[in-house]
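File shown: upload.cif. Contents: mmCIF, C-alpha atoms and all ligand atoms.
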```cif
data_final
#
loop_
_atom_site.label_atom_id
_atom_site.label_comp_id
_atom_site.auth_asym_id
_atom_site.auth_seq_id
_atom_site.Cartn_x
_atom_site.Cartn_y
_atom_site.Cartn_z
CA MET A 13 -24.33 -4.55 20.87
CA PHE A 14 -22.18 -7.65 20.54
CA LYS A 15 -20.36 -6.30 17.50
CA GLU A 16 -19.78 -3.01 19.27
CA MET A 17 -18.46 -4.82 22.35
CA VAL A 18 -15.98 -6.84 20.26
CA TYR A 19 -14.92 -3.72 18.38
CA LYS A 20 -14.28 -1.80 21.62
CA PHE A 21 -12.23 -4.68 23.00
CA ALA A 22 -10.17 -4.80 19.81
CA GLU A 23 -9.69 -1.06 19.76
CA GLU A 24 -8.45 -0.97 23.35
CA GLN A 25 -6.53 -4.24 23.60
CA ILE A 26 -5.32 -5.08 20.08
CA LYS A 27 -4.89 -1.82 18.20
CA PRO A 28 -1.92 -0.59 20.28
CA PHE A 29 0.06 -3.71 19.26
CA SER A 30 -1.24 -4.23 15.74
CA ALA A 31 1.53 -2.50 13.73
CA GLU A 32 4.28 -4.07 15.82
CA MET A 33 2.78 -7.58 15.52
CA ASP A 34 2.51 -7.06 11.75
CA ARG A 35 6.12 -5.91 11.51
CA GLU A 36 7.42 -8.79 13.59
CA GLY A 37 5.13 -11.41 12.10
CA ASN A 38 4.10 -12.55 15.53
CA PHE A 39 0.81 -12.49 17.43
CA ARG A 40 0.78 -11.82 21.18
CA LYS A 41 -0.23 -14.84 23.26
CA ASP A 42 -1.85 -12.61 25.91
CA ILE A 43 -4.34 -11.40 23.29
CA ILE A 44 -5.23 -14.99 22.38
CA ALA A 45 -5.86 -15.59 26.10
CA LYS A 46 -8.23 -12.61 26.09
CA PHE A 47 -10.20 -14.10 23.20
CA PHE A 48 -10.88 -17.09 25.44
CA GLU A 49 -11.75 -14.93 28.47
CA LEU A 50 -14.27 -12.99 26.40
CA GLY A 51 -15.96 -16.15 25.13
CA LEU A 52 -14.93 -15.43 21.54
CA MET A 53 -13.42 -18.87 20.99
CA GLY A 54 -16.53 -20.94 21.58
CA ILE A 55 -19.31 -18.80 20.16
CA GLU A 56 -21.37 -21.67 18.77
CA ILE A 57 -20.27 -24.29 21.29
CA PRO A 58 -23.33 -25.17 23.42
CA GLU A 59 -23.20 -24.11 27.06
CA GLN A 60 -23.11 -27.76 28.21
CA TYR A 61 -19.60 -27.95 26.71
CA GLY A 62 -18.50 -24.61 28.11
CA GLY A 63 -19.27 -22.39 25.12
CA THR A 64 -21.56 -19.44 24.59
CA GLY A 65 -24.30 -21.40 22.79
CA SER A 66 -24.78 -18.68 20.24
CA THR A 67 -25.17 -18.64 16.45
CA PHE A 68 -22.95 -18.65 13.37
CA PHE A 69 -24.16 -15.12 12.67
CA MET A 70 -22.55 -14.00 15.93
CA SER A 71 -19.23 -15.53 14.85
CA VAL A 72 -19.53 -13.56 11.62
CA LEU A 73 -20.13 -10.33 13.57
CA ALA A 74 -17.15 -10.99 15.84
CA ILE A 75 -14.87 -11.60 12.84
CA GLU A 76 -16.09 -8.47 11.08
CA ALA A 77 -15.55 -6.33 14.20
CA LEU A 78 -12.05 -7.72 14.89
CA SER A 79 -11.05 -7.22 11.25
CA MET A 80 -11.81 -3.53 11.55
CA ILE A 81 -8.83 -3.36 13.89
CA ASP A 82 -6.62 -6.30 12.91
CA ALA A 83 -7.34 -8.95 10.28
CA SER A 84 -4.77 -11.31 11.86
CA ALA A 85 -6.64 -11.20 15.17
CA ALA A 86 -9.82 -12.02 13.29
CA ILE A 87 -8.37 -15.10 11.61
CA TYR A 88 -7.47 -16.68 14.98
CA VAL A 89 -11.11 -16.39 16.02
CA ASP A 90 -12.31 -17.34 12.55
CA VAL A 91 -10.44 -20.65 12.27
CA GLN A 92 -11.34 -21.63 15.84
CA ASN A 93 -15.06 -21.02 15.46
CA THR A 94 -15.91 -21.65 11.84
CA LEU A 95 -13.52 -24.47 10.93
CA VAL A 96 -12.45 -26.31 14.08
CA ASN A 97 -15.39 -25.97 16.50
CA ASN A 98 -17.93 -26.28 13.71
CA ALA A 99 -16.36 -29.46 12.34
CA LEU A 100 -16.25 -31.00 15.80
CA LEU A 101 -19.83 -29.99 16.60
CA ARG A 102 -21.10 -31.41 13.36
CA TRP A 103 -18.99 -34.55 12.96
CA GLY A 104 -17.54 -35.39 16.37
CA SER A 105 -18.69 -38.36 18.48
CA GLU A 106 -20.18 -37.50 21.86
CA ASP A 107 -16.92 -38.60 23.51
CA LEU A 108 -14.82 -36.35 21.29
CA LYS A 109 -17.15 -33.42 21.92
CA ARG A 110 -16.97 -33.93 25.69
CA LYS A 111 -13.21 -34.22 25.58
CA TYR A 112 -12.29 -31.38 23.26
CA LEU A 113 -15.05 -28.77 23.08
CA PRO A 114 -14.62 -27.49 26.68
CA LEU A 115 -10.88 -27.10 25.99
CA LEU A 116 -11.50 -25.28 22.70
CA ALA A 117 -13.96 -22.92 24.40
CA ALA A 118 -11.65 -22.17 27.33
CA GLU A 119 -7.96 -22.43 26.51
CA LYS A 120 -6.80 -24.49 23.54
CA LEU A 121 -6.35 -23.13 20.06
CA GLY A 122 -7.32 -25.29 17.08
CA ALA A 123 -6.15 -25.44 13.47
CA TYR A 124 -7.41 -27.00 10.27
CA ALA A 125 -4.97 -28.73 7.94
CA LEU A 126 -6.15 -29.78 4.51
CA SER A 127 -3.72 -28.12 2.04
CA GLU A 128 -0.33 -29.54 1.10
CA THR A 129 2.52 -28.43 -1.15
CA GLY A 130 1.03 -30.26 -4.15
CA SER A 131 -2.68 -29.93 -3.35
CA GLY A 132 -4.49 -26.63 -2.83
CA SER A 133 -7.50 -26.06 -5.08
CA ASP A 134 -7.35 -29.78 -5.90
CA ALA A 135 -7.50 -30.52 -2.19
CA PHE A 136 -8.48 -34.15 -2.54
CA ALA A 137 -5.21 -34.96 -4.31
CA LEU A 138 -3.63 -34.80 -0.84
CA ARG A 139 -0.75 -37.20 -0.21
CA ALA A 140 -0.78 -37.54 3.58
CA ARG A 141 -1.44 -41.15 4.44
CA ALA A 142 -3.07 -42.91 7.40
CA GLU A 143 -2.47 -46.60 8.05
CA ASP A 144 -4.91 -48.63 10.14
CA LYS A 145 -2.95 -50.34 12.95
CA GLY A 146 -5.84 -51.81 14.89
CA ASP A 147 -6.38 -49.53 17.87
CA HIS A 148 -4.68 -46.56 16.24
CA PHE A 149 -3.75 -44.97 12.90
CA LEU A 150 -0.25 -44.07 11.82
CA LEU A 151 -0.16 -40.77 9.93
CA ASN A 152 2.64 -39.85 7.55
CA GLY A 153 3.01 -36.81 5.36
CA GLN A 154 3.18 -33.07 5.45
CA LYS A 155 0.70 -30.19 5.50
CA MET A 156 1.26 -26.64 4.38
CA TRP A 157 -0.33 -23.26 5.08
CA THR A 158 -1.88 -24.23 8.41
CA THR A 159 -3.33 -21.08 9.96
CA ASN A 160 -2.89 -20.96 13.77
CA GLY A 161 -0.28 -23.72 13.39
CA GLY A 162 2.28 -21.85 15.47
CA GLU A 163 0.16 -21.76 18.61
CA ALA A 164 -2.50 -24.46 18.18
CA ASP A 165 -2.80 -27.48 20.47
CA LEU A 166 -5.37 -29.38 18.44
CA PHE A 167 -5.28 -30.00 14.70
CA ILE A 168 -7.89 -31.36 12.32
CA ILE A 169 -5.72 -33.21 9.82
CA PHE A 170 -6.93 -34.80 6.61
CA ALA A 171 -5.15 -37.94 5.41
CA ASN A 172 -6.03 -40.77 3.04
CA VAL A 173 -6.51 -44.29 4.46
CA ASN A 174 -6.96 -45.89 1.06
CA PRO A 175 -5.42 -44.03 -1.88
CA GLU A 176 -6.87 -46.55 -4.38
CA ALA A 177 -10.32 -45.36 -3.39
CA GLY A 178 -9.38 -41.76 -4.32
CA TYR A 179 -11.21 -39.08 -2.37
CA ARG A 180 -13.32 -41.80 -0.71
CA GLY A 181 -10.26 -42.69 1.35
CA ILE A 182 -9.89 -39.23 2.85
CA THR A 183 -10.41 -39.21 6.61
CA ALA A 184 -10.35 -36.40 9.18
CA PHE A 185 -8.31 -36.93 12.36
CA LEU A 186 -8.07 -34.92 15.56
CA VAL A 187 -4.39 -34.68 16.36
CA GLU A 188 -3.01 -33.22 19.58
CA ARG A 189 0.23 -31.27 19.33
CA ALA A 190 1.77 -33.61 21.89
CA PHE A 191 1.05 -36.82 19.93
CA ASP A 192 4.14 -38.87 19.07
CA GLY A 193 5.43 -38.24 15.56
CA PHE A 194 3.75 -34.84 15.16
CA SER A 195 5.65 -31.59 14.76
CA VAL A 196 5.16 -28.07 13.48
CA GLY A 197 7.62 -26.96 10.81
CA LYS A 198 8.41 -23.75 8.97
CA LYS A 199 6.35 -20.60 9.51
CA GLU A 200 5.64 -18.54 6.38
CA ASP A 201 6.76 -14.92 6.00
CA LYS A 202 3.76 -13.33 4.31
CA LEU A 203 2.54 -10.24 2.44
CA GLY A 204 -0.48 -9.68 4.68
CA ILE A 205 -2.11 -11.03 7.87
CA ARG A 206 1.53 -11.23 8.88
CA ALA A 207 0.89 -11.67 12.60
CA SER A 208 -1.22 -14.76 11.98
CA SER A 209 0.91 -17.90 12.00
CA THR A 210 0.81 -20.01 8.82
CA CYS A 211 2.82 -23.20 9.27
CA GLU A 212 3.95 -26.46 7.83
CA LEU A 213 2.98 -29.59 9.79
CA ILE A 214 4.93 -32.83 9.73
CA MET A 215 3.53 -36.26 10.54
CA ASP A 216 6.27 -38.85 10.90
CA ASN A 217 4.64 -42.08 12.06
CA CYS A 218 2.25 -39.93 14.06
CA ARG A 219 0.15 -42.17 16.29
CA VAL A 220 -3.51 -41.19 16.45
CA PRO A 221 -5.96 -43.22 18.57
CA LYS A 222 -8.90 -44.67 16.63
CA GLU A 223 -11.41 -42.71 18.64
CA ASN A 224 -9.87 -39.50 17.26
CA VAL A 225 -11.30 -40.08 13.80
CA LEU A 226 -13.62 -37.13 13.17
CA GLY A 227 -16.75 -38.42 11.44
CA GLU A 228 -16.44 -41.70 9.57
CA VAL A 229 -13.36 -43.28 8.01
CA GLY A 230 -13.45 -42.38 4.29
CA LYS A 231 -15.87 -39.49 4.83
CA GLY A 232 -13.24 -36.81 5.47
CA TYR A 233 -13.96 -35.27 2.09
CA LYS A 234 -17.46 -34.41 3.36
CA VAL A 235 -16.07 -32.92 6.56
CA ALA A 236 -13.70 -30.79 4.47
CA ILE A 237 -16.23 -29.59 1.89
CA GLU A 238 -19.01 -28.81 4.33
CA THR A 239 -16.79 -27.05 6.85
CA LEU A 240 -15.21 -24.86 4.18
CA ASN A 241 -18.64 -23.99 2.76
CA GLU A 242 -19.46 -22.35 6.09
CA GLY A 243 -15.98 -21.04 6.68
CA ARG A 244 -15.91 -18.93 3.55
CA ILE A 245 -18.85 -16.84 4.74
CA ALA A 246 -16.67 -15.77 7.65
CA ILE A 247 -13.82 -14.89 5.29
CA GLY A 248 -16.36 -12.59 3.67
CA ALA A 249 -16.89 -11.03 7.12
CA GLN A 250 -13.14 -10.52 7.49
CA MET A 251 -13.18 -8.62 4.18
CA LEU A 252 -16.07 -6.44 5.43
CA GLY A 253 -14.13 -5.39 8.51
CA ILE A 254 -10.96 -4.57 6.55
CA SER A 255 -12.97 -2.53 4.03
CA GLN A 256 -14.97 -0.68 6.67
CA ALA A 257 -11.76 0.30 8.44
CA ALA A 258 -10.28 1.53 5.14
CA LEU A 259 -13.38 3.53 4.35
CA ASN A 260 -13.41 5.12 7.81
CA TYR A 261 -9.75 6.12 7.47
CA GLY A 262 -10.32 7.41 3.93
CA SER A 263 -13.29 9.57 4.95
CA GLN A 264 -11.43 11.00 7.92
CA TYR A 265 -8.27 11.74 5.94
CA SER A 266 -10.21 13.42 3.14
CA HIS A 267 -11.28 16.04 5.71
CA GLU A 268 -7.78 16.46 7.11
CA ARG A 269 -5.78 16.75 3.89
CA GLU A 270 -5.79 20.04 2.06
CA GLN A 271 -4.71 20.63 -1.54
CA PHE A 272 -5.45 23.60 -3.77
CA GLY A 273 -6.48 25.48 -0.64
CA ARG A 274 -9.32 23.17 0.40
CA GLN A 275 -10.03 19.80 1.98
CA ILE A 276 -9.72 17.04 -0.59
CA ALA A 277 -13.21 15.94 0.63
CA ASP A 278 -14.52 18.99 -1.23
CA PHE A 279 -13.51 17.48 -4.57
CA GLN A 280 -16.33 15.61 -6.21
CA ALA A 281 -13.92 12.94 -7.46
CA ILE A 282 -13.01 12.03 -3.86
CA GLN A 283 -16.65 12.21 -2.75
CA PHE A 284 -17.65 9.80 -5.52
CA GLN A 285 -14.83 7.40 -4.71
CA ILE A 286 -16.04 7.27 -1.11
CA ALA A 287 -19.70 6.97 -2.10
CA ASP A 288 -18.93 4.17 -4.55
CA SER A 289 -16.80 2.29 -2.01
CA ALA A 290 -19.54 2.58 0.63
CA THR A 291 -22.10 1.20 -1.83
CA GLN A 292 -19.86 -1.75 -2.71
CA LEU A 293 -19.33 -2.43 0.97
CA GLU A 294 -23.04 -2.33 1.72
CA ALA A 295 -23.68 -4.83 -1.08
CA ALA A 296 -20.95 -7.13 0.23
CA ARG A 297 -22.28 -6.88 3.78
CA LEU A 298 -25.76 -7.88 2.66
CA LEU A 299 -24.34 -10.88 0.76
CA VAL A 300 -22.33 -12.02 3.79
CA TYR A 301 -25.14 -11.48 6.30
CA ASN A 302 -27.64 -13.20 4.05
CA ALA A 303 -25.41 -16.28 3.62
CA ALA A 304 -24.91 -16.42 7.42
CA ARG A 305 -28.65 -16.03 8.01
CA LEU A 306 -29.42 -18.88 5.58
CA LYS A 307 -26.86 -21.09 7.33
CA ASP A 308 -28.41 -20.43 10.75
CA ALA A 309 -31.89 -21.08 9.34
CA GLY A 310 -30.78 -24.50 8.07
CA GLU A 311 -31.35 -23.50 4.43
CA ASN A 312 -29.05 -24.26 1.51
CA PHE A 313 -26.35 -21.61 1.40
CA LEU A 314 -23.70 -23.08 -0.91
CA LYS A 315 -24.09 -20.60 -3.77
CA GLU A 316 -24.66 -17.62 -1.48
CA ALA A 317 -21.54 -18.41 0.56
CA ALA A 318 -19.37 -18.61 -2.56
CA MET A 319 -20.87 -15.37 -3.91
CA ALA A 320 -20.34 -13.63 -0.57
CA LYS A 321 -16.66 -14.55 -0.43
CA LEU A 322 -16.01 -13.85 -4.11
CA PHE A 323 -17.66 -10.44 -4.05
CA SER A 324 -16.44 -9.23 -0.68
CA SER A 325 -12.80 -10.22 -1.30
CA ARG A 326 -12.75 -8.43 -4.66
CA MET A 327 -14.47 -5.45 -3.04
CA ALA A 328 -11.90 -5.37 -0.21
CA GLU A 329 -8.98 -5.28 -2.64
CA LYS A 330 -10.67 -2.46 -4.57
CA ILE A 331 -11.65 -0.35 -1.55
CA THR A 332 -8.31 -0.66 0.23
CA SER A 333 -6.53 0.27 -2.99
CA GLN A 334 -8.83 3.23 -3.52
CA VAL A 335 -8.34 4.49 0.03
CA LEU A 336 -4.57 4.08 -0.28
CA GLU A 337 -4.78 6.44 -3.27
CA ILE A 338 -6.88 8.90 -1.24
CA TYR A 339 -3.93 9.05 1.15
CA GLY A 340 -1.61 9.78 -1.78
CA GLY A 341 2.07 9.11 -1.09
CA TYR A 342 1.45 8.84 2.65
CA GLY A 343 -0.79 5.85 2.02
CA TYR A 344 2.18 4.02 0.56
CA THR A 345 4.18 4.26 3.77
CA ARG A 346 4.05 2.29 7.00
CA GLU A 347 3.46 5.53 8.93
CA TYR A 348 -0.19 5.30 7.98
CA PRO A 349 -2.55 2.36 8.52
CA VAL A 350 -3.91 1.85 5.01
CA GLU A 351 -1.01 -0.01 3.39
CA LYS A 352 -1.52 -2.77 5.97
CA LEU A 353 -5.23 -2.98 5.12
CA TYR A 354 -4.31 -3.24 1.42
CA ARG A 355 -1.87 -6.08 2.13
CA ASP A 356 -4.29 -7.83 4.49
CA ALA A 357 -7.17 -7.72 1.99
CA LYS A 358 -5.39 -9.82 -0.65
CA ILE A 359 -5.67 -13.10 1.22
CA GLY A 360 -9.48 -13.08 0.84
CA GLN A 361 -9.11 -14.08 -2.80
CA ILE A 362 -6.85 -17.01 -1.97
CA TYR A 363 -7.65 -19.00 1.17
CA GLU A 364 -10.69 -21.22 1.70
CA GLY A 365 -10.89 -21.49 -2.07
CA THR A 366 -9.49 -19.03 -4.63
CA SER A 367 -11.82 -16.74 -6.57
CA ASN A 368 -11.70 -19.15 -9.51
CA MET A 369 -12.91 -21.95 -7.23
CA GLN A 370 -15.77 -19.77 -5.95
CA LEU A 371 -16.76 -19.05 -9.55
CA GLN A 372 -16.61 -22.77 -10.29
CA THR A 373 -18.89 -23.55 -7.31
CA ILE A 374 -21.40 -20.88 -8.34
CA ALA A 375 -21.39 -21.99 -11.99
CA LYS A 376 -21.75 -25.68 -11.08
CA TYR A 377 -24.74 -24.86 -8.88
CA LEU A 378 -26.43 -22.70 -11.52
CA LEU A 379 -25.78 -24.97 -14.48
CA SER A 380 -26.69 -28.25 -12.81
CA LYS A 381 -30.36 -27.23 -12.52
C1 LIG A 401 -2.14 -17.17 4.54
C2 LIG A 401 -2.72 -18.51 4.16
C3 LIG A 401 -3.41 -19.25 5.11
C4 LIG A 401 -3.94 -20.49 4.78
N1 LIG A 401 -4.55 -21.24 5.76
C5 LIG A 401 -4.91 -22.52 5.47
C6 LIG A 401 -5.39 -23.38 6.52
O1 LIG A 401 -5.52 -23.00 7.69
N2 LIG A 401 -5.67 -24.68 6.20
C7 LIG A 401 -5.53 -25.17 4.93
O2 LIG A 401 -5.81 -26.34 4.73
N3 LIG A 401 -5.10 -24.36 3.92
C8 LIG A 401 -4.78 -23.06 4.16
N4 LIG A 401 -4.31 -22.25 3.17
C9 LIG A 401 -4.16 -22.79 1.81
C10 LIG A 401 -5.15 -22.20 0.82
O3 LIG A 401 -6.44 -22.69 1.08
C11 LIG A 401 -4.63 -22.50 -0.57
O4 LIG A 401 -3.47 -21.70 -0.79
C12 LIG A 401 -5.67 -22.22 -1.64
O5 LIG A 401 -6.72 -23.14 -1.57
C13 LIG A 401 -5.07 -22.26 -3.05
O6 LIG A 401 -4.30 -23.39 -3.24
P1 LIG A 401 -2.82 -23.27 -3.85
O7 LIG A 401 -2.12 -22.24 -3.08
O8 LIG A 401 -2.24 -24.62 -3.92
O9 LIG A 401 -3.08 -22.71 -5.32
P2 LIG A 401 -3.40 -23.60 -6.61
O10 LIG A 401 -4.52 -24.52 -6.32
O11 LIG A 401 -2.14 -24.15 -7.15
O12 LIG A 401 -3.95 -22.48 -7.61
C14 LIG A 401 -3.10 -21.68 -8.42
C15 LIG A 401 -3.97 -20.88 -9.37
O13 LIG A 401 -4.65 -21.77 -10.26
C16 LIG A 401 -6.05 -21.53 -10.20
N5 LIG A 401 -6.76 -22.82 -10.38
C17 LIG A 401 -6.49 -24.02 -9.80
N6 LIG A 401 -7.36 -24.94 -10.20
C18 LIG A 401 -8.20 -24.32 -11.07
C19 LIG A 401 -9.35 -24.74 -11.83
N7 LIG A 401 -9.79 -26.00 -11.76
N8 LIG A 401 -9.96 -23.81 -12.59
C20 LIG A 401 -9.52 -22.56 -12.66
N9 LIG A 401 -8.46 -22.09 -11.97
C21 LIG A 401 -7.82 -22.98 -11.18
C22 LIG A 401 -6.30 -20.94 -8.82
O14 LIG A 401 -7.50 -20.17 -8.81
C23 LIG A 401 -5.05 -20.08 -8.65
O15 LIG A 401 -5.26 -18.85 -9.28
C24 LIG A 401 -3.80 -20.98 3.46
C25 LIG A 401 -3.13 -20.21 2.50
C26 LIG A 401 -2.58 -19.00 2.84
C27 LIG A 401 -1.83 -18.23 1.78
#
```
Take the structure in the file and write it out as structure tokens.
Ligand SMILES: Cc1cc2nc3c(=O)[nH]c(=O)nc-3n(C[C@H](O)[C@H](O)[C@H](O)COP(=O)(O)OP(=O)(O)OC[C@H]3O[C@@H](n4cnc5c(N)ncnc54)[C@H](O)[C@@H]3O)c2cc1C
Amino acid sequence: MFKEMVYKFAEEQIKPFSAEMDREGNFRKDIIAKFFELGLMGIEIPEQYGGTGSTFFMSVLAIEALSMIDASAAIYVDVQNTLVNNALLRWGSEDLKRKYLPLLAAEKLGAYALSETGSGSDAFALRARAEDKGDHFLLNGQKMWTTNGGEADLFIIFANVNPEAGYRGITAFLVERAFDGFSVGKKEDKLGIRASSTCELIMDNCRVPKENVLGEVGKGYKVAIETLNEGRIAIGAQMLGISQAALNYGSQYSHEREQFGRQIADFQAIQFQIADSATQLEAARLLVYNAARLKDAGENFLKEAAMAKLFSSRMAEKITSQVLEIYGGYGYTREYPVEKLYRDAKIGQIYEGTSNMQLQTIAKYLLSK
């Protein structure tokens, strides 16, 4: 019921603007406001802090349903719930939770900034620095690729307080957009999820109060790893939604299009392409749902999360490509919705750890036993 409700909302309130937002590379602020009104921005935040008090699985369902209409819409909700809120819930002091969670549930967008120009897969080689100044830290450096950066008010920023200690110096900070010395830089012009903002952040003697350290000083690497382990399950959900939408369009079009005097759906080759895609999608869905279920049950889900993202992002690229071919030449134009799905699917193999990094995580887990 919840998934259906989110889908209906997206169909009525997002779909009419989706192509235009993609073309312009800009997401409508009034739709972000609706995410808050619907309670989609604080799914796992307990009711005492103004959230819905629900489960990670529900976040996954919301992201899947939104992605069936617009993968950019889904990533706003994804980053808020599975990276920002989750990190704060897990690592935040009681004071930080009381201060920020009600805002994140009701009105303020969050973002998560780990990557830099020189550090992506090797995230802990980050060069942003934080200097202890007694009652505050001074942050200096630059972040790249920050999803939601264009509109966010609160940023989780990773910086190193002690570079000699290597990754053991990495610390997570909660930075408000209005803090002195903080600014948002260039916005990327992208292949897919074009409406989602992906921005550079600049910290130039950015003053962050000591109480805004998220978790312990020097333990930011744990915050980063553990948050992303959860987050990638939700990227799997985004890939499910994109693929389901492609499959629905492909099935419908195969009944509409006639060649050789009959519907192309009558050709066994098309039937098998659709049957094979649906089977791949079902397998991906079970991987994603199982990883989310394990997470909610408090079980180890590291390997399953990596497998879910790896498989579902590869599957999404394959299915969207296949459906584009079912549309023939029309699929290659912006008149029809499938070229956008094809472009949107590609990001699943890159963010929150590339496919190679997922394979590395799975292999490390299997071979360390
Ligand atoms: C649209 C978008 C949104 C993003 N949003 C965010 C965000 O909100 N917050 C954030 O912090 N980051 C974000 N990112 C950054 C993203 O997580 C990184 O781009 C990703 O982790 C890859 O890093 P990189 O781009 O530096 O590639 P690199 O790490 O340079 O990788 C290049 C290639 O080398 C391969 N490679 C690297 N190391 C190895 C290895 N050890 N073994 C085998 N292969 C390897 C990779 O698989 C890849 O194929 C976003 C990126 C994009 C494009």
Compile a residue-level contact table for stretch 186-273 of chain A against stretch 21-33 of chain A at a cut-off of 10 Å, reporting for every qualifying residue the shortest atom pair and its distance in Å to one decimal, with only C-alpha atoms counted, rows ordered by chain and ascending number, as a tab-separated table.
```
residue	atom	partner	partner_atom	distance
A:Ile205	CA	A:Met33	CA	9.7
A:Arg206	CA	A:Met33	CA	7.7
A:Ala207	CA	A:Met33	CA	5.4
A:Ser208	CA	A:Met33	CA	8.9
```
Could you give me, as JSON lines, every stretch 228-273 of chain A residue with an atom at most 10 Å from stretch 67-88 of chain A, plus its closest atom pair and distance in Å to one decimal, counting all atoms listed in the file, rows ordered by chain then number?
```
{"residue": "A:Glu242", "atom": "CA", "partner": "A:Phe68", "partner_atom": "CA", "distance": 8.9}
{"residue": "A:Gly243", "atom": "CA", "partner": "A:Val72", "partner_atom": "CA", "distance": 9.6}
{"residue": "A:Ile245", "atom": "CA", "partner": "A:Val72", "partner_atom": "CA", "distance": 7.7}
{"residue": "A:Ala246", "atom": "CA", "partner": "A:Val72", "partner_atom": "CA", "distance": 5.4}
{"residue": "A:Ile247", "atom": "CA", "partner": "A:Ile75", "partner_atom": "CA", "distance": 8.3}
{"residue": "A:Gly248", "atom": "CA", "partner": "A:Glu76", "partner_atom": "CA", "distance": 8.5}
{"residue": "A:Ala249", "atom": "CA", "partner": "A:Glu76", "partner_atom": "CA", "distance": 4.8}
{"residue": "A:Gln250", "atom": "CA", "partner": "A:Glu76", "partner_atom": "CA", "distance": 5.1}
{"residue": "A:Met251", "atom": "CA", "partner": "A:Glu76", "partner_atom": "CA", "distance": 7.5}
{"residue": "A:Leu252", "atom": "CA", "partner": "A:Glu76", "partner_atom": "CA", "distance": 6.0}
{"residue": "A:Gly253", "atom": "CA", "partner": "A:Met80", "partner_atom": "CA", "distance": 4.3}
{"residue": "A:Ile254", "atom": "CA", "partner": "A:Met80", "partner_atom": "CA", "distance": 5.2}
{"residue": "A:Ser255", "atom": "CA", "partner": "A:Met80", "partner_atom": "CA", "distance": 7.7}
{"residue": "A:Gln256", "atom": "CA", "partner": "A:Met80", "partner_atom": "CA", "distance": 6.5}
{"residue": "A:Ala257", "atom": "CA", "partner": "A:Met80", "partner_atom": "CA", "distance": 4.9}
{"residue": "A:Ala258", "atom": "CA", "partner": "A:Met80", "partner_atom": "CA", "distance": 8.3}
{"residue": "A:Asn260", "atom": "CA", "partner": "A:Met80", "partner_atom": "CA", "distance": 9.6}
```
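Among the candidates A:Pro221, A:Gly273, A:Gly62, A:Gly204, the one nearest to A:Asp356 when counting all atoms listed in the file is A:Gly204.
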Determine the nearest neighbour of ligand LIG 401 (chain A) from the options A:Asn312, A:Ser127, A:Asn172, A:Thr332, counting only C-alpha atoms and all ligand atoms.
A:Ser127
Per-residue nearest contacts of chain A to ligand LIG 401 (chain A) (9 Å; all atoms listed in the file) as a tab-separated table:
```
residue	atom	partner	partner_atom	distance
A:Val91	CA	A:LIG401	O1	7.1
A:Leu95	CA	A:LIG401	O1	8.8
A:Ala123	CA	A:LIG401	O1	6.3
A:Tyr124	CA	A:LIG401	N2	5.0
A:Ala125	CA	A:LIG401	O2	4.1
A:Leu126	CA	A:LIG401	O2	3.5
A:Ser127	CA	A:LIG401	O2	3.8
A:Glu128	CA	A:LIG401	O8	7.3
A:Thr129	CA	A:LIG401	O8	6.7
A:Gly130	CA	A:LIG401	O8	6.5
A:Ser131	CA	A:LIG401	O8	5.4
A:Gly132	CA	A:LIG401	O8	3.2
A:Ser133	CA	A:LIG401	O10	3.6
A:Asp134	CA	A:LIG401	O10	6.0
A:Ala135	CA	A:LIG401	O5	7.4
A:Lys155	CA	A:LIG401	O2	7.6
A:Met156	CA	A:LIG401	N3	6.8
A:Trp157	CA	A:LIG401	C24	4.5
A:Thr158	CA	A:LIG401	O1	3.9
A:Thr159	CA	A:LIG401	O1	3.7
A:Asn160	CA	A:LIG401	O1	6.9
A:Gly161	CA	A:LIG401	O1	7.8
A:Ile169	CA	A:LIG401	O2	8.6
A:Phe170	CA	A:LIG401	O2	8.7
A:Glu200	CA	A:LIG401	C1	8.1
A:Lys202	CA	A:LIG401	C1	7.0
A:Leu203	CA	A:LIG401	C1	8.6
A:Gly204	CA	A:LIG401	C1	7.7
A:Ile205	CA	A:LIG401	C1	7.0
A:Arg206	CA	A:LIG401	C1	8.2
A:Ser208	CA	A:LIG401	C1	7.9
A:Ser209	CA	A:LIG401	C1	8.1
A:Thr210	CA	A:LIG401	C3	5.7
A:Cys211	CA	A:LIG401	N1	8.4
A:Ile359	CA	A:LIG401	C1	6.3
A:Gln361	CA	A:LIG401	O14	8.7
A:Ile362	CA	A:LIG401	C12	5.4
A:Tyr363	CA	A:LIG401	O3	3.9
A:Glu364	CA	A:LIG401	O3	4.5
A:Gly365	CA	A:LIG401	O5	4.5
A:Thr366	CA	A:LIG401	O14	4.8
A:Ser367	CA	A:LIG401	O14	6.0
A:Asn368	CA	A:LIG401	O14	4.4
A:Met369	CA	A:LIG401	O14	5.9
A:Gln370	CA	A:LIG401	O14	8.8
A:Leu371	CA	A:LIG401	C20	8.6
A:Gln372	CA	A:LIG401	N8	7.1
```
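With all atoms listed in the file as the atoms that count, the minimum distance from A:Gly230 to the choices A:Ser380, A:Gln92, A:Thr64, A:Asn174 is reached by A:Asn174.
Our summary of the geometry notes that atom CA of A:Phe185 is positioned 5.4 Å from atom CA of A:Leu226.
Among the candidates A:Ala290, A:Val225, A:Lys41, A:Asn217, the residue lying nearest to A:Ala164 is A:Lys41 (atoms considered: all atoms listed in the file).
Atom pair atom CA of A:Tyr179 / atom CA of A:Ala137 has a distance of 7.5 Å (rounded to one decimal).
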